[in-house]
file start16.tsv (TSV, C-alpha atoms)
chain	number	residue	atom	x	y	z
A	1	MET	CA	20.15	14.59	5.07
A	2	GLU	CA	18.32	12.10	2.86
A	3	THR	CA	17.74	14.81	0.23
A	4	ASN	CA	21.43	14.66	-0.77
A	5	ILE	CA	20.83	11.21	-2.25
A	6	TYR	CA	18.42	12.82	-4.72
A	7	CYS	CA	20.60	15.64	-6.03
A	8	LYS	CA	21.37	13.70	-9.22
A	9	PRO	CA	17.69	13.41	-10.28
A	10	LYS	CA	17.23	17.13	-9.56
A	11	GLU	CA	20.20	17.95	-11.77
A	12	GLU	CA	18.96	15.57	-14.48
A	13	ILE	CA	15.54	17.22	-14.47
A	14	ILE	CA	16.99	20.72	-14.73
A	15	ASP	CA	19.40	19.59	-17.47
A	16	PHE	CA	16.49	17.97	-19.33
A	17	LEU	CA	14.40	21.14	-19.15
A	18	LYS	CA	17.32	23.28	-20.33
A	19	SER	CA	18.29	20.94	-23.17
A	20	ASN	CA	14.68	20.94	-24.41
A	21	GLN	CA	14.39	24.71	-24.07
A	22	ILE	CA	11.62	24.45	-21.51
A	23	GLU	CA	11.53	27.65	-19.50
A	24	TYR	CA	11.18	27.61	-15.74
A	25	THR	CA	11.88	29.75	-12.70
A	26	GLN	CA	13.53	28.09	-9.74
A	27	ILE	CA	13.24	29.10	-6.11
A	28	LYS	CA	15.29	27.36	-3.42
A	29	HIS	CA	13.93	26.98	0.11
A	30	THR	CA	14.12	24.82	3.19
A	31	ALA	CA	12.65	21.35	2.90
A	32	LEU	CA	8.86	21.53	2.83
A	33	PHE	CA	6.55	18.59	3.44
A	34	THR	CA	2.95	19.89	3.58
A	35	MET	CA	0.73	22.00	1.37
A	36	ASP	CA	0.40	24.56	4.19
A	37	GLU	CA	4.16	25.10	4.10
A	38	TYR	CA	3.94	26.00	0.41
A	39	GLU	CA	1.71	29.02	0.88
A	40	ASN	CA	4.64	31.47	0.90
A	41	ILE	CA	6.30	29.78	-2.07
A	42	GLN	CA	3.06	30.03	-4.07
A	43	LYS	CA	2.93	33.76	-3.30
A	44	LYS	CA	6.59	34.30	-4.24
A	45	LEU	CA	6.25	32.42	-7.52
A	46	ASN	CA	2.70	33.63	-8.20
A	47	CYS	CA	1.55	30.18	-9.26
A	48	LEU	CA	-0.42	27.22	-8.01
A	49	ILE	CA	1.52	24.37	-6.44
A	50	PRO	CA	-0.62	21.27	-6.89
A	51	LYS	CA	-0.89	18.41	-4.47
A	52	ASN	CA	0.93	15.40	-6.02
A	53	LEU	CA	-0.25	12.02	-4.75
A	54	PHE	CA	1.36	8.71	-5.63
A	55	LEU	CA	-1.32	6.03	-5.49
A	56	CYS	CA	-1.81	2.36	-6.28
A	57	ASN	CA	-4.57	-0.20	-6.53
A	58	ARG	CA	-5.03	-2.83	-3.82
A	59	GLN	CA	-3.02	-5.42	-5.74
A	60	LYS	CA	-0.14	-2.93	-6.17
A	61	THR	CA	-0.11	-3.61	-9.89
A	62	LYS	CA	-1.27	-0.18	-11.14
A	63	PHE	CA	0.28	3.10	-10.08
A	64	TYR	CA	-1.03	6.63	-10.46
A	65	LEU	CA	0.31	10.12	-9.99
A	66	LEU	CA	-2.59	12.42	-9.20
A	67	LEU	CA	-2.21	16.20	-9.56
A	68	MET	CA	-4.93	18.17	-7.81
A	69	PRO	CA	-5.44	21.56	-6.15
A	70	GLY	CA	-3.83	21.63	-2.72
A	71	ASP	CA	-6.95	22.92	-1.03
A	72	LYS	CA	-9.13	20.01	-2.16
A	73	LYS	CA	-9.72	17.03	0.04
A	74	PHE	CA	-8.71	13.72	-1.56
A	75	LEU	CA	-11.44	11.08	-1.48
A	76	THR	CA	-10.35	7.70	-2.80
A	77	LYS	CA	-13.89	6.59	-3.62
A	78	GLU	CA	-14.43	9.62	-5.82
A	79	LEU	CA	-11.32	8.90	-7.88
A	80	SER	CA	-11.65	5.10	-7.90
A	81	SER	CA	-14.98	5.22	-9.68
A	82	GLN	CA	-13.56	7.48	-12.44
A	83	ILE	CA	-10.59	5.26	-13.24
A	84	ASN	CA	-12.29	1.91	-12.64
A	85	SER	CA	-9.93	0.90	-9.89
A	86	ALA	CA	-11.15	-0.44	-6.58
A	87	ARG	CA	-9.49	0.38	-3.30
A	88	LEU	CA	-6.87	3.00	-4.10
A	89	SER	CA	-4.30	3.78	-1.45
A	90	PHE	CA	-0.99	5.57	-1.14
A	91	ALA	CA	1.78	3.57	-2.76
A	92	GLU	CA	4.83	2.52	-0.81
A	93	GLU	CA	7.77	4.90	-0.69
A	94	GLU	CA	10.06	2.23	-2.12
A	95	LYS	CA	7.92	2.12	-5.29
A	96	LEU	CA	7.96	5.93	-5.43
A	97	LYS	CA	11.77	5.84	-5.38
A	98	GLU	CA	11.90	3.02	-7.92
A	99	THR	CA	9.54	4.54	-10.50
A	100	LEU	CA	9.78	8.33	-10.10
A	101	ASN	CA	13.13	8.75	-8.33
A	102	CYS	CA	11.34	10.74	-5.63
A	103	TYR	CA	10.97	10.33	-1.90
A	104	LYS	CA	8.05	11.08	0.39
A	105	GLY	CA	7.50	14.83	0.43
A	106	SER	CA	9.09	15.35	-2.99
A	107	THR	CA	6.59	13.62	-5.27
A	108	SER	CA	6.54	15.42	-8.60
A	109	PRO	CA	5.43	15.00	-12.20
A	110	PHE	CA	9.04	15.79	-13.11
A	111	GLY	CA	9.77	12.32	-11.73
A	112	LEU	CA	7.88	10.89	-14.71
A	113	LEU	CA	11.13	11.47	-16.60
A	114	PHE	CA	12.48	8.40	-14.75
A	115	ASP	CA	9.44	6.15	-15.33
A	116	LYS	CA	11.29	4.11	-17.96
A	117	LYS	CA	8.94	1.13	-17.69
A	118	ASN	CA	5.91	3.41	-18.10
A	119	GLU	CA	4.35	2.08	-14.90
A	120	VAL	CA	2.70	5.31	-13.73
A	121	THR	CA	-0.53	6.75	-15.11
A	122	LEU	CA	-0.78	10.53	-14.81
A	123	LEU	CA	-4.14	11.84	-13.59
A	124	ILE	CA	-4.89	15.56	-13.57
A	125	ASP	CA	-7.84	17.20	-11.85
A	126	LYS	CA	-9.61	19.35	-14.46
A	127	ASP	CA	-9.65	22.32	-12.10
A	128	LEU	CA	-5.86	22.62	-12.49
A	129	TRP	CA	-6.24	23.26	-16.20
A	130	ASN	CA	-7.57	26.75	-15.48
A	131	GLU	CA	-4.12	27.76	-14.25
A	132	GLU	CA	-1.50	29.45	-16.41
A	133	PHE	CA	1.48	28.34	-14.28
A	134	PHE	CA	2.31	25.44	-11.98
A	135	GLY	CA	4.96	24.92	-9.35
A	136	PHE	CA	6.54	21.48	-8.94
A	137	HIS	CA	9.53	20.01	-7.10
A	138	PRO	CA	12.38	18.75	-9.22
A	139	CYS	CA	12.13	15.52	-7.12
A	140	ASP	CA	13.71	17.40	-4.24
A	141	ASN	CA	11.59	19.36	-1.78
A	142	THR	CA	14.23	22.05	-1.22
A	143	SER	CA	13.34	23.85	-4.42
A	144	THR	CA	10.32	24.53	-6.60
A	145	LEU	CA	10.18	25.13	-10.33
A	146	LYS	CA	7.54	27.41	-11.81
A	147	ILE	CA	6.54	26.33	-15.31
A	148	LYS	CA	3.92	27.52	-17.79
A	149	LYS	CA	1.08	25.09	-18.47
A	150	GLU	CA	2.08	25.00	-22.16
A	151	ASP	CA	5.66	24.13	-21.23
A	152	PHE	CA	4.42	21.44	-18.86
A	153	ILE	CA	2.42	19.95	-21.75
A	154	LEU	CA	5.54	20.15	-23.91
A	155	TYR	CA	7.49	18.29	-21.19
A	156	LEU	CA	4.84	15.54	-21.09
A	157	ASN	CA	4.88	15.28	-24.89
A	158	ILE	CA	8.67	15.00	-25.03
A	159	ILE	CA	8.72	12.20	-22.47
A	160	ARG	CA	5.68	10.66	-24.19
A	161	LYS	CA	3.54	10.63	-21.08
A	162	PRO	CA	-0.19	10.77	-21.74
A	163	TYR	CA	-2.50	12.11	-19.07
A	164	THR	CA	-6.10	11.60	-18.09
A	165	PHE	CA	-8.36	14.29	-16.70
A	166	VAL	CA	-10.44	13.52	-13.64
A	167	THR	CA	-13.05	15.62	-11.88
A	168	LEU	CA	-12.66	15.77	-8.13
A	169	LYS	CA	-15.08	17.63	-5.91
A	170	GLY	CA	-13.33	16.78	-2.65
A	171	GLU	CA	-16.50	17.12	-0.64

call {"tool": "encode", "arguments": {"input": "start16.tsv", "output": "structure tokens"}}
result
Amino acid sequence: METNIYCKPKEEIIDFLKSNQIEYTQIKHTALFTMDEYENIQKKLNCLIPKNLFLCNRQKTKFYLLLMPGDKKFLTKELSSQINSARLSFAEEEKLKETLNCYKGSTSPFGLLFDKKNEVTLLIDKDLWNEEFFGFHPCDNTSTLKIKKEDFILYLNIIRKPYTFVTLKGE
């Protein structure tokens, strides 16, 4: 039932995409919480659905949204060394709600639209950049939006959100 609280952000995201003429395809589904559950959605949309991880440093003063292939294993040490941040961990759900208007299981780069204080640094695994399309939640894990990479870049440019590439081996 908690997803009903987040209908407004979902509507705001869809309205934002429409008003900026950013094309997408939406598919509605039951609430999904794991990458394994997304296998059918990826097939239906014929696109990659990245793993979206909301992270922070030990002091909880820097926050990161990491986009990476769902089949890669996340190793904090591997990422920490690339961004010069010691001891990364998953950020608290309250901070996720506060900054990205998302809840656990619905983390999405579309939530960057709500990062008004510019607290979140976007990190993208280079392997994702080989994809033509991505699938992301609109901050609600009962639907997925398929978007072209070029339109995703346009979205990031419009909201003025820079991104940093990282190279994750996950081994």

call {"tool": "atom_distance", "arguments": {"input": "start16.tsv", "atom1": "CA of Leu79 (chain A)", "atom2": "CA of Cys102 (chain A)"}}
result
22.8 Å

call {"tool": "residues_around", "arguments": {"input": "start16.tsv", "residues": "region 89-91 of chain A", "least_positions_apart": "5", "cutoff": "6 Å", "atoms": "all atoms listed in the file", "output": "ChimeraX atom specification"}}
result
/A:54-56

call {"tool": "write_last_selection", "arguments": {"input": "start16.tsv", "atoms": "C-alpha atoms", "output": "PDB file, in the frame of the given file"}}
result
ATOM      1  CA  PHE A  54       1.360   8.710  -5.630  1.00  0.00           C
ATOM      2  CA  LEU A  55      -1.320   6.030  -5.490  1.00  0.00           C
ATOM      3  CA  CYS A  56      -1.810   2.360  -6.280  1.00  0.00           C
TER       4      CYS A  56
END

call {"tool": "atom_distance", "arguments": {"input": "start16.tsv", "atom1": "CA of Thr76 (chain A)", "atom2": "CA of Lys169 (chain A)"}}
result
11.4 Å

call {"tool": "residues_near_point", "arguments": {"input": "start16.tsv", "point": "(9.8, 31.4, -15.6)", "cutoff": "8 Å", "atoms": "only C-alpha atoms", "output": "PyMOL selection string"}}
result
chain A and resi 23-26+146-148

call {"tool": "atom_distance", "arguments": {"input": "start16.tsv", "atom1": "CA of Cys139 (chain A)", "atom2": "CA of Ala86 (chain A)"}}
result
28.2 Å

call {"tool": "residues_around", "arguments": {"input": "start16.tsv", "residues": "Gln82 (chain A)", "least_positions_apart": "6", "cutoff": "10 Å", "atoms": "only C-alpha atoms", "output": "short mmCIF file (atom, residue, chain, number, x, y, z; two decimals) with C-alpha atoms, in the coordinates of the input"}}
result
data_model
loop_
_atom_site.label_atom_id
_atom_site.label_comp_id
_atom_site.auth_asym_id
_atom_site.auth_seq_id
_atom_site.Cartn_x
_atom_site.Cartn_y
_atom_site.Cartn_z
CA PHE A 165 -8.36 14.29 -16.70
CA VAL A 166 -10.44 13.52 -13.64
CA THR A 167 -13.05 15.62 -11.88
CA LEU A 168 -12.66 15.77 -8.13
#

call {"tool": "residues_around", "arguments": {"input": "start16.tsv", "residues": "Arg58 (chain A)", "least_positions_apart": "3", "cutoff": "9 Å", "atoms": "only C-alpha atoms", "output": "PyMOL selection string"}}
result
chain A and resi 61-62+85-89

call {"tool": "closest_residue", "arguments": {"input": "start16.tsv", "among": "A:Asn57, A:Thr144, A:Gln42, A:Thr164", "to": "Thr107 (chain A)", "atoms": "only C-alpha atoms"}}
result
A:Thr144

call {"tool": "closest_residue", "arguments": {"input": "start16.tsv", "among": "A:Asn20, A:Ile14, A:Glu131, A:Thr99", "to": "Ile158 (chain A)", "atoms": "all atoms listed in the file"}}
result
A:Asn20

call {"tool": "closest_atom_pairs", "arguments": {"input": "start16.tsv", "of": "region 59-144 of chain A", "to": "region 30-39 of chain A", "cutoff": "9 Å", "atoms": "only C-alpha atoms", "output": "CSV"}}
result
residue,atom,partner,partner_atom,distance
A:Gly70,CA,A:Met35,CA,6.1
A:Asp71,CA,A:Met35,CA,8.1
A:Lys104,CA,A:Phe33,CA,8.2
A:Gly105,CA,A:Phe33,CA,4.9
A:Ser106,CA,A:Phe33,CA,7.6
A:Asp140,CA,A:Ala31,CA,8.2
A:Asn141,CA,A:Ala31,CA,5.2
A:Thr142,CA,A:Ala31,CA,4.5
A:Ser143,CA,A:Thr30,CA,7.7

call {"tool": "residues_around", "arguments": {"input": "start16.tsv", "residues": "Lys161 (chain A)", "least_positions_apart": "5", "cutoff": "10 Å", "atoms": "only C-alpha atoms", "output": "list in words"}}
result
Leu112, Leu113, Asp115, Asn118, Val120, Thr121, Leu122, Ile153, Tyr155 and Leu156 of chain A

call {"tool": "write_last_selection", "arguments": {"input": "start16.tsv", "atoms": "C-alpha atoms", "output": "compact mmCIF listing (two decimals), in the frame of the given file"}}
result
# COMPACT_ATOMS: atom_id res chain seq x y z
CA LEU A 112 7.88 10.89 -14.71
CA LEU A 113 11.13 11.47 -16.60
CA ASP A 115 9.44 6.15 -15.33
CA ASN A 118 5.91 3.41 -18.10
CA VAL A 120 2.70 5.31 -13.73
CA THR A 121 -0.53 6.75 -15.11
CA LEU A 122 -0.78 10.53 -14.81
CA ILE A 153 2.42 19.95 -21.75
CA TYR A 155 7.49 18.29 -21.19
CA LEU A 156 4.84 15.54 -21.09

call {"tool": "closest_residue", "arguments": {"input": "start16.tsv", "among": "A:Lys149, A:Lys60, A:His137, A:Lys72", "to": "Glu11 (chain A)", "atoms": "all atoms listed in the file"}}
result
A:His137

call {"tool": "closest_residue", "arguments": {"input": "start16.tsv", "among": "A:Leu100, A:Ile13, A:Leu154, A:Leu75", "to": "Lys117 (chain A)", "atoms": "all atoms listed in the file"}}
result
A:Leu100

call {"tool": "residues_near_point", "arguments": {"input": "start16.tsv", "point": "(-1.4, 15.9, -13.7)", "cutoff": "10 Å", "atoms": "all atoms listed in the file", "output": "NGL selection string"}}
result
:A and (50-53 or 64-68 or 108-109 or 121-126 or 128-129 or 152-153 or 156 or 162-166)

call {"tool": "write_last_selection", "arguments": {"input": "start16.tsv", "atoms": "C-alpha atoms", "output": "compact mmCIF listing (two decimals), in the frame of the given file"}}
result
# COMPACT_ATOMS: atom_id res chain seq x y z
CA PRO A 50 -0.62 21.27 -6.89
CA LYS A 51 -0.89 18.41 -4.47
CA ASN A 52 0.93 15.40 -6.02
CA LEU A 53 -0.25 12.02 -4.75
CA TYR A 64 -1.03 6.63 -10.46
CA LEU A 65 0.31 10.12 -9.99
CA LEU A 66 -2.59 12.42 -9.20
CA LEU A 67 -2.21 16.20 -9.56
CA MET A 68 -4.93 18.17 -7.81
CA SER A 108 6.54 15.42 -8.60
CA PRO A 109 5.43 15.00 -12.20
CA THR A 121 -0.53 6.75 -15.11
CA LEU A 122 -0.78 10.53 -14.81
CA LEU A 123 -4.14 11.84 -13.59
CA ILE A 124 -4.89 15.56 -13.57
CA ASP A 125 -7.84 17.20 -11.85
CA LYS A 126 -9.61 19.35 -14.46
CA LEU A 128 -5.86 22.62 -12.49
CA TRP A 129 -6.24 23.26 -16.20
CA PHE A 152 4.42 21.44 -18.86
CA ILE A 153 2.42 19.95 -21.75
CA LEU A 156 4.84 15.54 -21.09
CA PRO A 162 -0.19 10.77 -21.74
CA TYR A 163 -2.50 12.11 -19.07
CA THR A 164 -6.10 11.60 -18.09
CA PHE A 165 -8.36 14.29 -16.70
CA VAL A 166 -10.44 13.52 -13.64
